[in-house]
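Student: The file below is my_file_12.pdb, PDB, C-alpha atoms:
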```
ATOM      1  CA  MET Z  80     199.670 -88.782 -54.507
ATOM      2  CA  LYS Z  81     198.320 -86.352 -57.064
ATOM      3  CA  ALA Z  82     199.736 -82.843 -57.048
ATOM      4  CA  PHE Z  83     199.832 -79.827 -59.332
ATOM      5  CA  GLU Z  84     203.306 -78.660 -60.301
ATOM      6  CA  LEU Z  85     204.184 -75.336 -61.859
ATOM      7  CA  ARG Z  86     207.013 -76.125 -64.292
ATOM      8  CA  GLY Z  87     207.487 -72.614 -65.643
ATOM      9  CA  PHE Z  88     205.724 -69.286 -65.455
ATOM     10  CA  GLY Z  89     202.230 -69.087 -66.912
ATOM     11  CA  LEU Z  90     199.022 -70.981 -66.265
ATOM     12  CA  ASP Z  91     199.760 -73.338 -69.163
ATOM     13  CA  SER Z  92     202.749 -74.607 -67.157
ATOM     14  CA  LEU Z  93     200.535 -75.883 -64.325
ATOM     15  CA  VAL Z  94     200.514 -79.686 -64.633
ATOM     16  CA  LEU Z  95     198.695 -82.400 -62.659
ATOM     17  CA  THR Z  96     201.240 -85.083 -61.823
ATOM     18  CA  GLU Z  97     202.169 -87.838 -59.363
ATOM     19  CA  ARG Z  98     204.504 -87.333 -56.427
ATOM     20  CA  PRO Z  99     205.557 -89.700 -53.618
ATOM     21  CA  ASP Z 100     203.387 -89.565 -50.511
ATOM     22  CA  PRO Z 101     205.173 -87.520 -47.824
ATOM     23  CA  VAL Z 102     206.474 -89.271 -44.689
ATOM     24  CA  PRO Z 103     206.669 -87.289 -41.428
ATOM     25  CA  GLY Z 104     209.978 -86.893 -39.631
ATOM     26  CA  PRO Z 105     210.472 -85.767 -36.026
ATOM     27  CA  PHE Z 106     207.955 -83.057 -35.033
ATOM     28  CA  GLU Z 107     206.338 -83.179 -38.478
ATOM     29  CA  VAL Z 108     202.715 -83.782 -39.493
ATOM     30  CA  VAL Z 109     201.183 -85.056 -42.738
ATOM     31  CA  VAL Z 110     197.809 -83.566 -43.613
ATOM     32  CA  ARG Z 111     195.375 -84.957 -46.154
ATOM     33  CA  MET Z 112     194.068 -81.844 -47.840
ATOM     34  CA  ARG Z 113     190.306 -81.374 -47.899
ATOM     35  CA  GLY Z 114     190.057 -77.763 -49.015
ATOM     36  CA  ALA Z 115     192.201 -74.965 -50.421
ATOM     37  CA  SER Z 116     191.539 -71.346 -51.314
ATOM     38  CA  LEU Z 117     193.071 -68.959 -53.819
ATOM     39  CA  ASN Z 118     194.649 -65.551 -53.335
ATOM     40  CA  TYR Z 119     195.772 -62.852 -55.761
ATOM     41  CA  ARG Z 120     199.300 -63.684 -54.617
ATOM     42  CA  ASP Z 121     198.923 -67.102 -56.288
ATOM     43  CA  LEU Z 122     198.170 -65.456 -59.618
ATOM     44  CA  VAL Z 123     201.174 -63.143 -59.605
ATOM     45  CA  LEU Z 124     203.435 -66.013 -58.546
ATOM     46  CA  LEU Z 125     202.236 -68.070 -61.513
ATOM     47  CA  ARG Z 126     202.736 -65.094 -63.824
ATOM     48  CA  GLY Z 127     206.313 -64.543 -62.624
ATOM     49  CA  THR Z 128     205.798 -60.948 -61.472
ATOM     50  CA  TYR Z 129     205.988 -61.686 -57.736
ATOM     51  CA  ASP Z 130     209.109 -63.857 -57.500
ATOM     52  CA  PRO Z 131     211.000 -64.122 -60.795
ATOM     53  CA  ASN Z 132     213.570 -66.405 -59.094
ATOM     54  CA  LEU Z 133     211.026 -69.070 -58.147
ATOM     55  CA  ARG Z 134     212.479 -72.570 -58.494
ATOM     56  CA  PHE Z 135     210.687 -75.220 -60.537
ATOM     57  CA  PRO Z 136     208.961 -77.610 -60.298
ATOM     58  CA  PHE Z 137     206.864 -75.886 -57.656
ATOM     59  CA  VAL Z 138     203.565 -76.742 -55.940
ATOM     60  CA  PRO Z 139     201.466 -73.544 -55.694
ATOM     61  CA  LEU Z 140     198.720 -72.207 -53.373
ATOM     62  CA  SER Z 141     199.166 -71.045 -49.804
ATOM     63  CA  ASP Z 142     195.857 -71.662 -48.018
ATOM     64  CA  GLY Z 143     194.580 -75.067 -47.031
ATOM     65  CA  ALA Z 144     192.796 -77.200 -44.454
ATOM     66  CA  GLY Z 145     192.435 -80.920 -43.979
ATOM     67  CA  GLU Z 146     192.795 -83.946 -41.729
ATOM     68  CA  VAL Z 147     195.908 -85.147 -39.914
ATOM     69  CA  VAL Z 148     196.769 -88.636 -41.201
ATOM     70  CA  ALA Z 149     200.270 -89.194 -39.791
ATOM     71  CA  VAL Z 150     202.551 -87.669 -37.162
ATOM     72  CA  GLY Z 151     206.269 -88.049 -36.606
ATOM     73  CA  PRO Z 152     208.145 -88.703 -33.365
ATOM     74  CA  GLY Z 153     207.734 -85.981 -30.743
ATOM     75  CA  VAL Z 154     204.494 -84.481 -32.071
ATOM     76  CA  THR Z 155     202.152 -83.425 -29.260
ATOM     77  CA  ARG Z 156     199.995 -80.599 -30.670
ATOM     78  CA  VAL Z 157     197.789 -82.756 -32.918
ATOM     79  CA  LYS Z 158     196.890 -86.380 -33.529
ATOM     80  CA  PRO Z 159     195.592 -88.388 -36.506
ATOM     81  CA  GLY Z 160     191.963 -87.741 -37.362
ATOM     82  CA  GLU Z 161     191.921 -84.120 -36.207
ATOM     83  CA  ARG Z 162     190.896 -81.301 -38.546
ATOM     84  CA  VAL Z 163     193.505 -78.594 -38.993
ATOM     85  CA  VAL Z 164     194.263 -75.363 -40.842
ATOM     86  CA  LEU Z 165     197.776 -74.770 -42.139
ATOM     87  CA  SER Z 166     199.456 -71.504 -41.169
ATOM     88  CA  TYR Z 167     200.681 -69.523 -44.180
ATOM     89  CA  VAL Z 168     203.921 -68.223 -42.597
ATOM     90  CA  GLN Z 169     204.987 -71.538 -41.144
ATOM     91  CA  ASP Z 170     207.561 -70.475 -38.536
ATOM     92  CA  TRP Z 171     205.992 -67.189 -37.348
ATOM     93  CA  VAL Z 172     204.289 -68.450 -34.221
ATOM     94  CA  ALA Z 173     203.930 -65.194 -32.257
ATOM     95  CA  GLY Z 174     205.359 -61.738 -31.712
ATOM     96  CA  GLU Z 175     206.929 -59.411 -34.246
ATOM     97  CA  PRO Z 176     208.046 -60.750 -37.632
ATOM     98  CA  VAL Z 177     211.794 -61.260 -37.993
ATOM     99  CA  PRO Z 178     213.659 -62.530 -41.081
ATOM    100  CA  SER Z 179     214.357 -65.982 -39.665
ATOM    101  CA  LEU Z 180     210.665 -66.567 -38.955
ATOM    102  CA  VAL Z 181     208.998 -65.298 -42.129
ATOM    103  CA  ALA Z 182     211.116 -66.945 -44.843
ATOM    104  CA  ARG Z 183     209.144 -70.203 -45.043
ATOM    105  CA  ARG Z 184     205.781 -69.334 -46.618
ATOM    106  CA  LEU Z 185     203.524 -71.978 -48.101
ATOM    107  CA  GLY Z 186     202.906 -71.468 -51.798
ATOM    108  CA  GLY Z 187     206.160 -69.555 -52.339
ATOM    109  CA  PRO Z 188     209.000 -70.020 -51.815
ATOM    110  CA  THR Z 189     208.039 -73.254 -49.984
ATOM    111  CA  ASP Z 190     205.879 -75.769 -51.873
ATOM    112  CA  GLY Z 191     202.204 -75.078 -51.298
ATOM    113  CA  VAL Z 192     198.991 -76.986 -50.707
ATOM    114  CA  LEU Z 193     197.853 -77.928 -54.213
ATOM    115  CA  ALA Z 194     198.518 -81.605 -53.475
ATOM    116  CA  GLU Z 195     196.553 -84.421 -51.887
ATOM    117  CA  TYR Z 196     198.982 -84.621 -48.938
ATOM    118  CA  VAL Z 197     201.154 -81.900 -47.388
ATOM    119  CA  LYS Z 198     203.875 -82.251 -44.740
ATOM    120  CA  VAL Z 199     204.436 -79.384 -42.280
ATOM    121  CA  PRO Z 200     206.101 -78.891 -38.890
ATOM    122  CA  GLU Z 201     203.669 -79.329 -36.000
ATOM    123  CA  HIS Z 202     204.021 -75.646 -35.096
ATOM    124  CA  GLY Z 203     202.768 -74.718 -38.579
ATOM    125  CA  LEU Z 204     199.107 -75.619 -38.099
ATOM    126  CA  VAL Z 205     196.132 -75.027 -35.802
ATOM    127  CA  HIS Z 206     192.891 -76.862 -35.064
ATOM    128  CA  ALA Z 207     190.142 -75.971 -37.533
ATOM    129  CA  PRO Z 208     187.060 -74.004 -36.424
ATOM    130  CA  THR Z 209     184.371 -76.419 -35.320
ATOM    131  CA  HIS Z 210     181.559 -74.595 -37.119
ATOM    132  CA  LEU Z 211     183.222 -74.333 -40.540
ATOM    133  CA  SER Z 212     183.553 -76.857 -43.340
ATOM    134  CA  ASP Z 213     187.039 -77.782 -44.544
ATOM    135  CA  VAL Z 214     186.631 -75.544 -47.591
ATOM    136  CA  GLU Z 215     185.492 -72.620 -45.431
ATOM    137  CA  ALA Z 216     188.376 -73.187 -42.998
ATOM    138  CA  ALA Z 217     190.805 -73.121 -45.926
ATOM    139  CA  THR Z 218     189.919 -69.476 -46.635
ATOM    140  CA  LEU Z 219     191.421 -68.228 -43.362
ATOM    141  CA  PRO Z 220     195.268 -68.347 -43.435
ATOM    142  CA  ILE Z 221     196.028 -65.336 -45.657
ATOM    143  CA  ALA Z 222     192.883 -63.270 -46.255
ATOM    144  CA  ALA Z 223     191.219 -63.580 -42.856
ATOM    145  CA  VAL Z 224     194.445 -63.400 -40.847
ATOM    146  CA  THR Z 225     195.542 -60.331 -42.811
ATOM    147  CA  ALA Z 226     192.224 -58.610 -42.078
ATOM    148  CA  TRP Z 227     192.467 -59.563 -38.396
ATOM    149  CA  HIS Z 228     196.066 -58.349 -38.120
ATOM    150  CA  VAL Z 229     195.220 -55.065 -39.870
ATOM    151  CA  LEU Z 230     192.247 -54.318 -37.629
ATOM    152  CA  PHE Z 231     193.300 -55.705 -34.247
ATOM    153  CA  GLY Z 232     196.973 -56.671 -34.402
ATOM    154  CA  VAL Z 233     198.832 -53.619 -35.670
ATOM    155  CA  GLY Z 234     195.620 -51.604 -36.049
ATOM    156  CA  ARG Z 235     193.512 -49.924 -33.392
ATOM    157  CA  VAL Z 236     189.911 -50.364 -34.549
ATOM    158  CA  ARG Z 237     187.413 -49.407 -31.848
ATOM    159  CA  PRO Z 238     183.601 -49.372 -31.598
ATOM    160  CA  GLY Z 239     182.262 -46.327 -33.427
ATOM    161  CA  ASP Z 240     185.232 -46.084 -35.803
ATOM    162  CA  THR Z 241     184.702 -45.879 -39.558
ATOM    163  CA  VAL Z 242     186.621 -48.353 -41.717
ATOM    164  CA  LEU Z 243     186.961 -48.144 -45.488
ATOM    165  CA  VAL Z 244     187.502 -51.423 -47.334
ATOM    166  CA  GLU Z 245     188.393 -51.428 -51.017
ATOM    167  CA  GLY Z 246     186.729 -53.973 -53.240
ATOM    168  CA  THR Z 247     184.951 -57.206 -52.380
ATOM    169  CA  GLY Z 248     187.713 -59.805 -52.488
ATOM    170  CA  GLY Z 249     188.730 -62.055 -49.630
ATOM    171  CA  VAL Z 250     190.664 -59.624 -47.414
ATOM    172  CA  SER Z 251     188.111 -56.844 -47.910
ATOM    173  CA  LEU Z 252     185.068 -58.941 -47.020
ATOM    174  CA  PHE Z 253     186.774 -60.459 -43.989
ATOM    175  CA  ALA Z 254     187.677 -56.911 -42.905
ATOM    176  CA  LEU Z 255     184.032 -55.901 -43.359
ATOM    177  CA  GLN Z 256     182.770 -58.806 -41.249
ATOM    178  CA  LEU Z 257     185.379 -58.387 -38.504
ATOM    179  CA  ALA Z 258     185.057 -54.599 -38.292
ATOM    180  CA  ARG Z 259     181.304 -54.962 -37.865
ATOM    181  CA  LEU Z 260     181.910 -57.429 -35.006
ATOM    182  CA  ALA Z 261     183.996 -54.720 -33.342
ATOM    183  CA  GLY Z 262     181.161 -52.200 -33.646
ATOM    184  CA  ALA Z 263     182.710 -50.172 -36.452
ATOM    185  CA  ARG Z 264     180.944 -48.544 -39.368
ATOM    186  CA  VAL Z 265     182.178 -49.827 -42.741
ATOM    187  CA  LEU Z 266     182.276 -48.151 -46.165
ATOM    188  CA  VAL Z 267     183.002 -50.197 -49.285
ATOM    189  CA  THR Z 268     184.244 -49.326 -52.770
ATOM    190  CA  SER Z 269     183.549 -51.489 -55.812
ATOM    191  CA  GLY Z 270     183.150 -51.258 -59.568
ATOM    192  CA  SER Z 271     179.884 -53.233 -59.440
ATOM    193  CA  ASP Z 272     176.471 -52.141 -58.167
ATOM    194  CA  GLU Z 273     175.571 -55.777 -57.542
ATOM    195  CA  LYS Z 274     178.650 -56.320 -55.373
ATOM    196  CA  LEU Z 275     177.968 -53.108 -53.452
ATOM    197  CA  ALA Z 276     174.444 -54.324 -52.727
ATOM    198  CA  ARG Z 277     175.797 -57.640 -51.467
ATOM    199  CA  ALA Z 278     178.362 -55.833 -49.292
ATOM    200  CA  LYS Z 279     175.550 -53.772 -47.733
ATOM    201  CA  ALA Z 280     173.688 -56.997 -47.009
ATOM    202  CA  LEU Z 281     176.758 -58.108 -45.042
ATOM    203  CA  GLY Z 282     176.629 -54.947 -42.950
ATOM    204  CA  ALA Z 283     178.331 -52.169 -44.903
ATOM    205  CA  SER Z 284     176.794 -48.769 -44.179
ATOM    206  CA  ALA Z 285     177.438 -47.325 -47.637
ATOM    207  CA  GLY Z 286     179.049 -48.192 -50.945
ATOM    208  CA  ILE Z 287     180.906 -46.123 -53.527
ATOM    209  CA  HIS Z 288     181.042 -47.151 -57.190
ATOM    210  CA  TYR Z 289     184.578 -46.108 -58.115
ATOM    211  CA  ARG Z 290     183.936 -46.321 -61.867
ATOM    212  CA  LYS Z 291     180.963 -43.973 -61.652
ATOM    213  CA  THR Z 292     182.779 -41.843 -59.059
ATOM    214  CA  PRO Z 293     186.501 -41.843 -59.965
ATOM    215  CA  GLU Z 294     187.160 -39.276 -57.203
ATOM    216  CA  TRP Z 295     185.925 -41.782 -54.637
ATOM    217  CA  ASP Z 296     188.022 -40.182 -51.898
ATOM    218  CA  GLU Z 297     185.808 -37.087 -52.148
ATOM    219  CA  ALA Z 298     182.743 -39.311 -51.776
ATOM    220  CA  VAL Z 299     184.290 -40.814 -48.642
ATOM    221  CA  LEU Z 300     184.830 -37.350 -47.181
ATOM    222  CA  ALA Z 301     181.211 -36.459 -47.961
ATOM    223  CA  LEU Z 302     179.995 -39.605 -46.189
ATOM    224  CA  THR Z 303     182.052 -38.734 -43.100
ATOM    225  CA  GLY Z 304     181.138 -35.066 -42.876
ATOM    226  CA  GLY Z 305     184.531 -34.004 -44.229
ATOM    227  CA  ARG Z 306     186.432 -35.798 -41.460
ATOM    228  CA  GLY Z 307     187.634 -38.895 -43.308
ATOM    229  CA  VAL Z 308     187.637 -42.499 -42.159
ATOM    230  CA  ASP Z 309     189.634 -43.809 -39.232
ATOM    231  CA  HIS Z 310     191.129 -46.755 -41.116
ATOM    232  CA  VAL Z 311     191.626 -47.744 -44.753
ATOM    233  CA  VAL Z 312     192.235 -51.349 -45.811
ATOM    234  CA  GLU Z 313     194.191 -50.609 -48.994
ATOM    235  CA  VAL Z 314     194.272 -53.547 -51.433
ATOM    236  CA  ALA Z 315     194.824 -51.799 -54.764
ATOM    237  CA  GLY Z 316     198.182 -50.047 -54.577
ATOM    238  CA  GLY Z 317     199.304 -48.064 -57.608
ATOM    239  CA  ALA Z 318     197.720 -44.631 -58.010
ATOM    240  CA  ASN Z 319     194.905 -45.695 -55.708
ATOM    241  CA  LEU Z 320     197.106 -45.273 -52.641
ATOM    242  CA  GLY Z 321     197.072 -41.487 -53.015
ATOM    243  CA  ARG Z 322     193.287 -41.461 -52.836
ATOM    244  CA  ALA Z 323     193.382 -43.667 -49.746
ATOM    245  CA  LEU Z 324     195.608 -41.095 -48.031
ATOM    246  CA  ARG Z 325     193.161 -38.335 -48.934
ATOM    247  CA  ALA Z 326     190.211 -40.369 -47.603
ATOM    248  CA  VAL Z 327     191.622 -40.946 -44.108
ATOM    249  CA  ARG Z 328     191.196 -38.568 -41.163
ATOM    250  CA  LEU Z 329     193.840 -36.568 -39.335
ATOM    251  CA  GLY Z 330     195.822 -39.149 -37.355
ATOM    252  CA  GLY Z 331     194.161 -42.061 -39.154
ATOM    253  CA  GLU Z 332     195.627 -45.309 -40.459
ATOM    254  CA  VAL Z 333     196.155 -46.716 -43.963
ATOM    255  CA  SER Z 334     197.151 -50.384 -44.085
ATOM    256  CA  VAL Z 335     198.561 -51.523 -47.435
ATOM    257  CA  VAL Z 336     197.863 -55.222 -47.992
ATOM    258  CA  GLY Z 337     197.772 -55.587 -51.786
ATOM    259  CA  PHE Z 338     198.726 -54.279 -55.194
ATOM    260  CA  LEU Z 339     195.850 -55.101 -57.533
ATOM    261  CA  GLU Z 340     196.400 -51.891 -59.525
ATOM    262  CA  GLY Z 341     200.182 -51.897 -59.455
ATOM    263  CA  MET Z 342     203.288 -52.570 -57.374
ATOM    264  CA  ARG Z 343     204.541 -48.966 -57.532
ATOM    265  CA  SER Z 344     202.947 -45.828 -56.102
ATOM    266  CA  GLU Z 345     203.836 -42.142 -56.134
ATOM    267  CA  LEU Z 346     202.865 -40.280 -52.995
ATOM    268  CA  GLU Z 347     202.619 -36.682 -51.935
ATOM    269  CA  LEU Z 348     204.490 -37.076 -48.681
ATOM    270  CA  THR Z 349     203.359 -33.703 -47.351
ATOM    271  CA  GLN Z 350     199.809 -35.014 -47.554
ATOM    272  CA  ALA Z 351     200.648 -37.812 -45.114
ATOM    273  CA  ILE Z 352     202.945 -35.746 -42.901
ATOM    274  CA  ARG Z 353     200.662 -32.770 -42.403
ATOM    275  CA  ARG Z 354     197.798 -35.045 -41.452
ATOM    276  CA  CYS Z 355     199.887 -37.392 -39.257
ATOM    277  CA  VAL Z 356     198.702 -40.473 -41.138
ATOM    278  CA  THR Z 357     200.067 -43.870 -40.116
ATOM    279  CA  LEU Z 358     200.935 -45.734 -43.326
ATOM    280  CA  ARG Z 359     201.947 -49.349 -42.902
ATOM    281  CA  ALA Z 360     202.350 -52.469 -45.004
ATOM    282  CA  VAL Z 361     200.853 -55.686 -43.659
ATOM    283  CA  SER Z 362     201.670 -59.205 -44.834
ATOM    284  CA  ALA Z 363     199.399 -61.789 -43.196
ATOM    285  CA  GLY Z 364     200.105 -62.561 -39.511
ATOM    286  CA  SER Z 365     201.421 -65.103 -37.030
ATOM    287  CA  ARG Z 366     199.987 -68.452 -36.013
ATOM    288  CA  THR Z 367     198.795 -66.769 -32.825
ATOM    289  CA  SER Z 368     196.813 -64.287 -34.945
ATOM    290  CA  LEU Z 369     195.198 -67.239 -36.725
ATOM    291  CA  GLU Z 370     194.285 -68.802 -33.378
ATOM    292  CA  HIS Z 371     192.786 -65.551 -32.070
ATOM    293  CA  LEU Z 372     190.840 -65.104 -35.312
ATOM    294  CA  ILE Z 373     189.407 -68.617 -35.095
ATOM    295  CA  ARG Z 374     188.244 -68.058 -31.508
ATOM    296  CA  ALA Z 375     186.432 -64.898 -32.601
ATOM    297  CA  LEU Z 376     184.788 -66.611 -35.577
ATOM    298  CA  GLU Z 377     183.620 -69.495 -33.393
ATOM    299  CA  ALA Z 378     182.298 -67.193 -30.664
ATOM    300  CA  HIS Z 379     180.150 -65.255 -33.144
ATOM    301  CA  ALA Z 380     179.436 -68.103 -35.633
ATOM    302  CA  VAL Z 381     180.876 -66.017 -38.495
ATOM    303  CA  ARG Z 382     181.222 -67.816 -41.806
ATOM    304  CA  PRO Z 383     183.466 -66.689 -44.660
ATOM    305  CA  VAL Z 384     182.000 -65.557 -47.955
ATOM    306  CA  VAL Z 385     182.833 -68.214 -50.555
ATOM    307  CA  ASP Z 386     182.122 -67.204 -54.132
ATOM    308  CA  ARG Z 387     182.598 -70.552 -55.851
ATOM    309  CA  VAL Z 388     184.088 -73.976 -55.119
ATOM    310  CA  PHE Z 389     185.900 -75.918 -57.863
ATOM    311  CA  PRO Z 390     187.026 -79.568 -57.742
ATOM    312  CA  PHE Z 391     190.741 -80.040 -57.017
ATOM    313  CA  THR Z 392     191.348 -81.258 -60.567
ATOM    314  CA  GLU Z 393     189.947 -77.976 -61.955
ATOM    315  CA  ALA Z 394     192.565 -75.775 -60.292
ATOM    316  CA  ARG Z 395     193.381 -74.008 -63.550
ATOM    317  CA  ALA Z 396     189.733 -73.074 -64.080
ATOM    318  CA  ALA Z 397     189.582 -71.758 -60.523
ATOM    319  CA  LEU Z 398     192.637 -69.565 -61.117
ATOM    320  CA  GLU Z 399     191.112 -68.259 -64.337
ATOM    321  CA  HIS Z 400     187.927 -67.378 -62.444
ATOM    322  CA  LEU Z 401     189.960 -65.500 -59.842
ATOM    323  CA  ALA Z 402     191.839 -63.645 -62.579
ATOM    324  CA  SER Z 403     188.547 -62.564 -64.175
ATOM    325  CA  GLY Z 404     187.725 -60.404 -61.154
ATOM    326  CA  GLN Z 405     184.111 -61.580 -61.201
ATOM    327  CA  HIS Z 406     184.275 -63.203 -57.783
ATOM    328  CA  PHE Z 407     182.697 -61.891 -54.574
ATOM    329  CA  GLY Z 408     184.675 -63.260 -51.642
ATOM    330  CA  LYS Z 409     186.881 -66.328 -51.827
ATOM    331  CA  VAL Z 410     187.444 -68.800 -54.661
ATOM    332  CA  ALA Z 411     188.117 -72.288 -53.288
ATOM    333  CA  LEU Z 412     188.915 -75.895 -54.168
ATOM    334  CA  ALA Z 413     187.444 -79.111 -52.731
ATOM    335  CA  PHE Z 414     189.643 -82.209 -52.687
ATOM    336  CA  PRO Z 415     188.273 -85.693 -53.465
ATOM    337  CA  GLY Z 416     187.185 -88.154 -50.793
TER     338      GLY Z 416
END
```
Would you mind giving the structure from this file in structure tokens?
Tutor:
Amino acid sequence: MKAFELRGFGLDSLVLTERPDPVPGPFEVVVRMRGASLNYRDLVLLRGTYDPNLRFPFVPLSDGAGEVVAVGPGVTRVKPGERVVLSYVQDWVAGEPVPSLVARRLGGPTDGVLAEYVKVPEHGLVHAPTHLSDVEAATLPIAAVTAWHVLFGVGRVRPGDTVLVEGTGGVSLFALQLARLAGARVLVTSGSDEKLARAKALGASAGIHYRKTPEWDEAVLALTGGRGVDHVVEVAGGANLGRALRAVRLGGEVSVVGFLEGMRSELELTQAIRRCVTLRAVSAGSRTSLEHLIRALEAHAVRPVVDRVFPFTEARAALEHLASGQHFGKVALAFPG
């Protein structure tokens, strides 16, 4: 089979090569990949800033969907010919995350989905949504599950709440779509007027251009009558986190899911303490979260926002497009045949 291997850090070290076709063992499933999607995590892994101890050669990318082509002895959850989505955190089936369940993550440290065939344990996949294409289904495991877990797993979003989402990448747009399903009002920040207009077309109530309004937290307070939002989906990290804390209401929630502006932040702790803010970090979710998400998407016929689809063989170009920051929603790959 064809697969991309990362043989050192840097995009130039990503090489298309041949690997043996995987053979399923007991309770294992082989999936022929039909679609994959990219996350910012993939970029920082390739650059060496996320896991400097990554072992090479390594198959990158975490999110994928495809068709079951072979099952090993004992498999009962799926059968050949069925469409499936691979769970990002393979062994986290349900409940709270514990070290023994969250170590095996596709696309780092475990080999990922940038290959024609991928072998996973049967508990590490779910049936694909019936209304989505394979490429659309491949956008769900990290970005959509993270948004779902933030809003409805560890979060407490209710009808009438106000949710602030930062930017217009995958997690943020899924959070926008899901929060609107729950009856929440959504505010969006972006550095592009065009992207803000597109976010409003998806249901955002208002947008804030953070380049034109660097003190965007003050704009958020103005839009909420000085109260602040109930929830912030914080994707930027760095100095941006302080503004997120200032934009949330007394007793509100800030969920940190990314670090686009930096992996380190300095906080005024009194700011969070005096206002009783719940600050939490969220890293994807369990297989059960993925299953709940899929049921919600099917019930409401929600489709993910896909910015651009590249052929499998153009994975490097797709990663470069993601790195450019020009995308609106998810960047994806379509596999041949």
Student: Kindly provide the residues of range 105-215 of chain Z that approach range 371-380 of chain Z to within 8 Å, each paired with its closest atom pair and their distance in Å to one decimal, based on only C-alpha atoms, listed by chain and increasing number, as CSV.
Tutor:
```
residue,atom,partner,partner_atom,distance
Z:Ala207,CA,Z:Ile373,CA,7.8
Z:Pro208,CA,Z:Ile373,CA,6.0
Z:Thr209,CA,Z:Glu377,CA,7.2
Z:His210,CA,Z:Glu377,CA,6.6
```
Student: List the spatial neighbours of Ser403 in chain Z as an MDAnalysis selection string - criterion: any atom at most 12 Å away, all atoms listed in the file, same-chain residues fewer than 6 positions off excluded.
Tutor: chainID Z and resid 119 122 396:397 410
Student: Give me, as a tab-separated table, each residue of range 185-287 of chain Z that comes within 6 Å of range 297-320 of chain Z, together with its shortest interatomic pair and the distance in Å at one decimal, counting only C-alpha atoms, with rows ordered by chain and rising residue number.
Tutor:
```
residue	atom	partner	partner_atom	distance
Z:Thr241	CA	Z:Val308	CA	5.2
Z:Val242	CA	Z:His310	CA	4.8
Z:Leu243	CA	Z:Val311	CA	4.7
Z:Val244	CA	Z:Val312	CA	5.0
```
Student: Give as a count of residues only every residue, naming chains and numbers as the document does, that has an atom within 12 Å of (206.1, -87.7, -34.9), counting all atoms listed in the file.
Tutor: 25
Student: Translate the PyMOL selection byres ((chain Z and resi 240) around 10), as applied to the file shown, into an explicit residue set as a short mmCIF file (atom, residue, chain, number, x, y, z; two decimals) with C-alpha atoms, in the coordinates of the input.
Tutor:
```
data_model
loop_
_atom_site.label_atom_id
_atom_site.label_comp_id
_atom_site.auth_asym_id
_atom_site.auth_seq_id
_atom_site.Cartn_x
_atom_site.Cartn_y
_atom_site.Cartn_z
CA ARG Z 235 193.51 -49.92 -33.39
CA VAL Z 236 189.91 -50.36 -34.55
CA ARG Z 237 187.41 -49.41 -31.85
CA PRO Z 238 183.60 -49.37 -31.60
CA GLY Z 239 182.26 -46.33 -33.43
CA THR Z 241 184.70 -45.88 -39.56
CA VAL Z 242 186.62 -48.35 -41.72
CA ALA Z 258 185.06 -54.60 -38.29
CA ARG Z 259 181.30 -54.96 -37.86
CA ALA Z 261 184.00 -54.72 -33.34
CA GLY Z 262 181.16 -52.20 -33.65
CA ALA Z 263 182.71 -50.17 -36.45
CA ARG Z 264 180.94 -48.54 -39.37
CA VAL Z 265 182.18 -49.83 -42.74
CA VAL Z 308 187.64 -42.50 -42.16
CA ASP Z 309 189.63 -43.81 -39.23
CA HIS Z 310 191.13 -46.76 -41.12
#
```
Student: If I take CA of Leu90 in chain Z and CA of Val181 in chain Z, how far is one from the other in Å, to one decimal?
Tutor: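 Atom-to-atom, CA of Leu90 in chain Z and CA of Val181 in chain Z are spaced 26.7 Å apart.
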Student: Near Arg277 in chain Z, within 12 Å and counting only C-alpha atoms, which residues show up once chain neighbours fewer than 3 positions away are dropped, as a VMD selection string?
Tutor: chain Z and resid 246 to 247 252 255 267 to 269 271 to 274 280 to 286 384 386 406 to 408
Student: Mind writing the picked residues with C-alpha atoms as a short mmCIF file (atom, residue, chain, number, x, y, z; two decimals), keeping the file's coordinate frame?
Tutor:
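Generated output (again-v8.cif):
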```
data_model
loop_
_atom_site.label_atom_id
_atom_site.label_comp_id
_atom_site.auth_asym_id
_atom_site.auth_seq_id
_atom_site.Cartn_x
_atom_site.Cartn_y
_atom_site.Cartn_z
CA GLY Z 246 186.73 -53.97 -53.24
CA THR Z 247 184.95 -57.21 -52.38
CA LEU Z 252 185.07 -58.94 -47.02
CA LEU Z 255 184.03 -55.90 -43.36
CA VAL Z 267 183.00 -50.20 -49.28
CA THR Z 268 184.24 -49.33 -52.77
CA SER Z 269 183.55 -51.49 -55.81
CA SER Z 271 179.88 -53.23 -59.44
CA ASP Z 272 176.47 -52.14 -58.17
CA GLU Z 273 175.57 -55.78 -57.54
CA LYS Z 274 178.65 -56.32 -55.37
CA ALA Z 280 173.69 -57.00 -47.01
CA LEU Z 281 176.76 -58.11 -45.04
CA GLY Z 282 176.63 -54.95 -42.95
CA ALA Z 283 178.33 -52.17 -44.90
CA SER Z 284 176.79 -48.77 -44.18
CA ALA Z 285 177.44 -47.32 -47.64
CA GLY Z 286 179.05 -48.19 -50.94
CA VAL Z 384 182.00 -65.56 -47.96
CA ASP Z 386 182.12 -67.20 -54.13
CA HIS Z 406 184.28 -63.20 -57.78
CA PHE Z 407 182.70 -61.89 -54.57
CA GLY Z 408 184.68 -63.26 -51.64
#
```
Student: Considering all atoms listed in the file, state which residue in the set Z:Ala413, Z:Leu329, Z:Val224, Z:Leu124 is at the smallest distance from Met112 in chain Z.
Tutor: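 The answer is Z:Ala413, which sits nearest to Met112 in chain Z.
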Student: Kindly give the distance, in Å, that separates CA of Tyr289 in chain Z and CA of Gly270 in chain Z, rounded to a single decimal.
Tutor: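 So the two atoms, CA of Tyr289 in chain Z and CA of Gly270 in chain Z, lie 5.5 Å apart.
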Student: Determine the residue membership of the PyMOL selection byres ((chain Z and resi 185) around 12) for the file above and supply it as a PyMOL selection string.
Tutor: chain Z and resi 115+120-121+137-143+165-170+181-184+186-193+197-200+203-204+220-221
